[in-house]
$ cat input-v4.tsv   # TSV, C-alpha atoms
chain	number	residue	atom	x	y	z
I	106	MET	CA	-7.45	-66.04	-9.24
I	107	THR	CA	-4.38	-66.11	-11.44
I	108	LYS	CA	-1.21	-67.00	-9.59
I	109	PHE	CA	1.36	-67.52	-12.37
I	110	LEU	CA	2.52	-65.34	-15.23
I	111	ILE	CA	4.20	-67.24	-18.03
I	112	ASP	CA	7.05	-65.61	-19.90
I	113	THR	CA	7.39	-65.54	-23.67
I	114	ASP	CA	9.83	-68.45	-23.68
I	115	ILE	CA	7.32	-70.65	-21.87
I	116	ILE	CA	4.58	-69.77	-24.36
I	117	ILE	CA	6.91	-70.63	-27.23
I	118	TRP	CA	7.91	-73.95	-25.67
I	119	PHE	CA	4.24	-74.78	-25.06
I	120	LEU	CA	3.42	-74.09	-28.70
I	121	ARG	CA	6.36	-76.22	-29.80
I	122	GLY	CA	5.00	-79.08	-27.68
I	123	LYS	CA	7.77	-79.37	-25.10
I	124	LYS	CA	6.35	-82.08	-22.86
I	125	GLU	CA	7.30	-80.65	-19.44
I	126	ILE	CA	5.92	-77.21	-20.36
I	127	VAL	CA	2.69	-78.59	-21.80
I	128	GLU	CA	2.13	-80.64	-18.62
I	129	LEU	CA	3.05	-77.71	-16.35
I	130	THR	CA	0.72	-75.33	-18.20
I	131	LYS	CA	-2.14	-77.81	-18.04
I	132	GLU	CA	-1.53	-78.18	-14.31
I	133	PHE	CA	-1.71	-74.39	-13.86
I	134	GLN	CA	-4.94	-74.24	-15.86
I	135	LYS	CA	-6.67	-76.64	-13.46
I	136	SER	CA	-6.91	-73.90	-10.83
I	137	SER	CA	-7.03	-70.83	-13.06
I	138	PRO	CA	-5.61	-69.77	-16.40
I	139	PRO	CA	-2.04	-68.53	-16.19
I	140	ALA	CA	-1.46	-64.91	-17.07
I	141	CYS	CA	0.82	-63.25	-19.56
I	142	SER	CA	1.86	-59.75	-20.47
I	143	PRO	CA	0.79	-58.01	-23.67
I	144	ILE	CA	4.55	-57.82	-24.29
I	145	SER	CA	4.64	-61.62	-24.62
I	146	ILE	CA	1.73	-61.56	-27.04
I	147	ILE	CA	3.64	-59.11	-29.25
I	148	GLU	CA	6.83	-61.19	-29.07
I	149	VAL	CA	5.00	-64.45	-29.84
I	150	GLN	CA	2.86	-62.99	-32.64
I	151	PHE	CA	5.98	-61.52	-34.24
I	152	GLY	CA	7.48	-65.00	-34.60
I	153	VAL	CA	4.38	-66.90	-35.76
I	154	LYS	CA	4.93	-68.84	-38.96
I	155	ARG	CA	2.35	-69.43	-41.66
I	156	GLY	CA	0.02	-72.20	-40.55
I	157	GLU	CA	0.61	-71.58	-36.83
I	158	GLU	CA	-1.77	-68.63	-36.51
I	159	GLU	CA	-4.85	-70.50	-35.29
I	160	ILE	CA	-3.17	-72.68	-32.65
I	161	THR	CA	-1.19	-69.67	-31.42
I	162	SER	CA	-4.28	-67.47	-31.14
I	163	ASN	CA	-6.23	-70.24	-29.40
I	164	PHE	CA	-3.55	-70.65	-26.77
I	165	LEU	CA	-3.05	-66.91	-26.26
I	166	ASN	CA	-6.82	-66.50	-25.89
I	167	SER	CA	-6.77	-69.04	-23.05
I	168	LEU	CA	-4.48	-66.83	-20.96
I	169	THR	CA	-5.36	-64.00	-18.61
I	170	ILE	CA	-3.81	-60.81	-19.95
I	171	ILE	CA	-2.48	-58.36	-17.36
I	172	PRO	CA	-2.68	-54.88	-18.91
I	173	ILE	CA	0.25	-52.50	-18.69
I	174	ASP	CA	-0.86	-49.47	-16.72
I	175	ARG	CA	0.80	-46.38	-15.27
I	176	THR	CA	1.85	-48.20	-12.09
I	177	ILE	CA	3.62	-50.91	-14.08
I	178	ALA	CA	5.24	-48.29	-16.33
I	179	ASP	CA	6.52	-46.37	-13.29
I	180	LYS	CA	7.86	-49.52	-11.61
I	181	SER	CA	9.57	-50.56	-14.85
I	182	GLY	CA	11.31	-47.20	-15.08
I	183	GLU	CA	12.42	-47.45	-11.44
I	184	LEU	CA	13.85	-50.93	-12.01
I	185	LEU	CA	15.68	-49.82	-15.16
I	186	ARG	CA	17.24	-46.88	-13.27
I	187	GLU	CA	18.13	-48.96	-10.22
I	188	TYR	CA	19.91	-51.64	-12.21
I	189	LYS	CA	21.58	-49.17	-14.58
I	190	ARG	CA	23.21	-47.58	-11.50
I	191	LYS	CA	24.56	-51.03	-10.65
I	192	GLY	CA	25.97	-51.37	-14.17
I	193	ILE	CA	23.38	-53.93	-15.22
I	194	ALA	CA	21.65	-53.37	-18.56
I	195	LEU	CA	18.14	-54.77	-18.71
I	196	GLY	CA	15.71	-55.23	-21.57
I	197	ILE	CA	12.67	-53.01	-21.39
I	198	ASN	CA	10.33	-55.91	-22.26
I	199	ASP	CA	11.70	-58.10	-19.46
I	200	THR	CA	11.54	-55.20	-17.02
I	201	ILE	CA	7.87	-54.60	-17.86
I	202	ILE	CA	7.11	-58.31	-17.37
I	203	GLY	CA	9.02	-58.35	-14.07
I	204	ALA	CA	7.25	-55.21	-12.82
I	205	THR	CA	3.89	-56.73	-13.78
I	206	CYS	CA	4.63	-59.78	-11.62
I	207	ILE	CA	5.95	-57.77	-8.69
I	208	LEU	CA	2.98	-55.39	-8.57
I	209	ASN	CA	0.35	-58.09	-9.09
I	210	ASP	CA	1.94	-60.62	-6.72
I	211	LEU	CA	2.37	-63.13	-9.54
I	212	ILE	CA	4.97	-65.87	-9.82
I	213	LEU	CA	6.97	-65.63	-13.04
I	214	VAL	CA	7.45	-68.88	-14.94
I	215	THR	CA	10.54	-68.62	-17.17
I	216	TYR	CA	13.73	-70.31	-18.23
I	217	ASN	CA	15.39	-66.90	-18.68
I	218	LEU	CA	16.45	-66.33	-15.10
I	219	LYS	CA	19.30	-63.98	-16.04
I	220	HIS	CA	16.76	-61.56	-17.56
I	221	TYR	CA	15.07	-61.09	-14.18
I	222	PRO	CA	17.54	-60.15	-11.40
I	223	PHE	CA	14.88	-58.37	-9.32
I	224	LYS	CA	15.14	-59.39	-5.67
I	225	GLU	CA	11.43	-58.92	-4.96
I	226	LEU	CA	10.35	-61.06	-7.93
I	227	LYS	CA	8.99	-64.54	-7.25
I	228	ILE	CA	10.11	-67.09	-9.85
I	229	TYR	CA	8.80	-70.61	-10.46
I	230	SER	CA	11.84	-72.84	-10.78
I	231	ILE	CA	11.63	-75.23	-13.72
$ encode --input "input-v4.tsv" --output "structure tokens"
Amino acid sequence: MTKFLIDTDIIIWFLRGKKEIVELTKEFQKSSPPACSPISIIEVQFGVKRGEEEITSNFLNSLTIIPIDRTIADKSGELLREYKRKGIALGINDTIIGATCILNDLILVTYNLKHYPFKELKIYSI
């Protein structure tokens, strides 16, 4: 069963060959493939350069994709409202990824800690 969801930044660093991320991702894959959000696939595919398509697709195909459903959409909206009331502006993409982790009891792996202020979110510290 998938335990970790890797954020877009982690996917990008893996594809760029950052040693600690490559090793960490391989460690995760020993027990089960890490997950990602369709949001991350969109963000990564948007930035793919000519010649990187195959390696990018191969890596993305190795991940478990957690679909965005009504429950995730509702939770994302709740989080956006809650933090807006506190005067904190959040990105919709990050809120969807955070809600996906919260509702599926996944640990988010990211360097972008400031994007995810949600108290109920579990984060893997790099």
$ residues_around --input "input-v4.tsv" --residues "Gly203 (chain I)" --least-positions-apart "2" --cutoff "8 Å" --atoms "all atoms listed in the file" --output "mmCIF file with C-alpha atoms, in the coordinates of the input"
data_model
loop_
_atom_site.group_PDB
_atom_site.id
_atom_site.type_symbol
_atom_site.label_atom_id
_atom_site.label_comp_id
_atom_site.auth_asym_id
_atom_site.auth_seq_id
_atom_site.Cartn_x
_atom_site.Cartn_y
_atom_site.Cartn_z
ATOM 1 C CA SER I 181 9.570 -50.560 -14.850
ATOM 2 C CA ASP I 199 11.700 -58.100 -19.460
ATOM 3 C CA THR I 200 11.540 -55.200 -17.020
ATOM 4 C CA ILE I 201 7.870 -54.600 -17.860
ATOM 5 C CA THR I 205 3.890 -56.730 -13.780
ATOM 6 C CA CYS I 206 4.630 -59.780 -11.620
ATOM 7 C CA ILE I 207 5.950 -57.770 -8.690
ATOM 8 C CA LEU I 213 6.970 -65.630 -13.040
ATOM 9 C CA TYR I 221 15.070 -61.090 -14.180
ATOM 10 C CA PHE I 223 14.880 -58.370 -9.320
ATOM 11 C CA LEU I 226 10.350 -61.060 -7.930
#
$ closest_atom_pairs --input "input-v4.tsv" --of "region 159-184 of chain I" --to "region 106-129 of chain I" --cutoff "10 Å" --atoms "all atoms listed in the file" --output "CSV"
residue,atom,partner,partner_atom,distance
I:Ile160,CA,I:Leu120,CA,7.8
I:Thr161,CA,I:Leu120,CA,6.9
I:Phe164,CA,I:Leu120,CA,8.0
I:Leu165,CA,I:Ile116,CA,8.4
I:Leu168,CA,I:Leu110,CA,9.2
I:Thr169,CA,I:Thr107,CA,7.5
I:Ile170,CA,I:Leu110,CA,9.1
I:Ile171,CA,I:Leu110,CA,8.8
$ atom_distance --input "input-v4.tsv" --atom1 "CA of Ile231 (chain I)" --atom2 "CA of Ser137 (chain I)"
19.2 Å
$ closest_residue --input "input-v4.tsv" --among "I:Ile228, I:Pro172, I:Gly196, I:Pro222" --to "Asp210 (chain I)" --atoms "only C-alpha atoms"
I:Ile228
$ closest_residue --input "input-v4.tsv" --among "I:Glu187, I:Glu132, I:Ile202, I:Ile146" --to "Asn166 (chain I)" --atoms "only C-alpha atoms"
I:Ile146
$ closest_residue --input "input-v4.tsv" --among "I:Ala178, I:Leu218, I:Ile197, I:Ile173" --to "Cys141 (chain I)" --atoms "only C-alpha atoms"
I:Ile173
$ closest_residue --input "input-v4.tsv" --among "I:Lys131, I:Gly152, I:Ala140, I:Arg175" --to "Ile212 (chain I)" --atoms "all atoms listed in the file"
I:Ala140
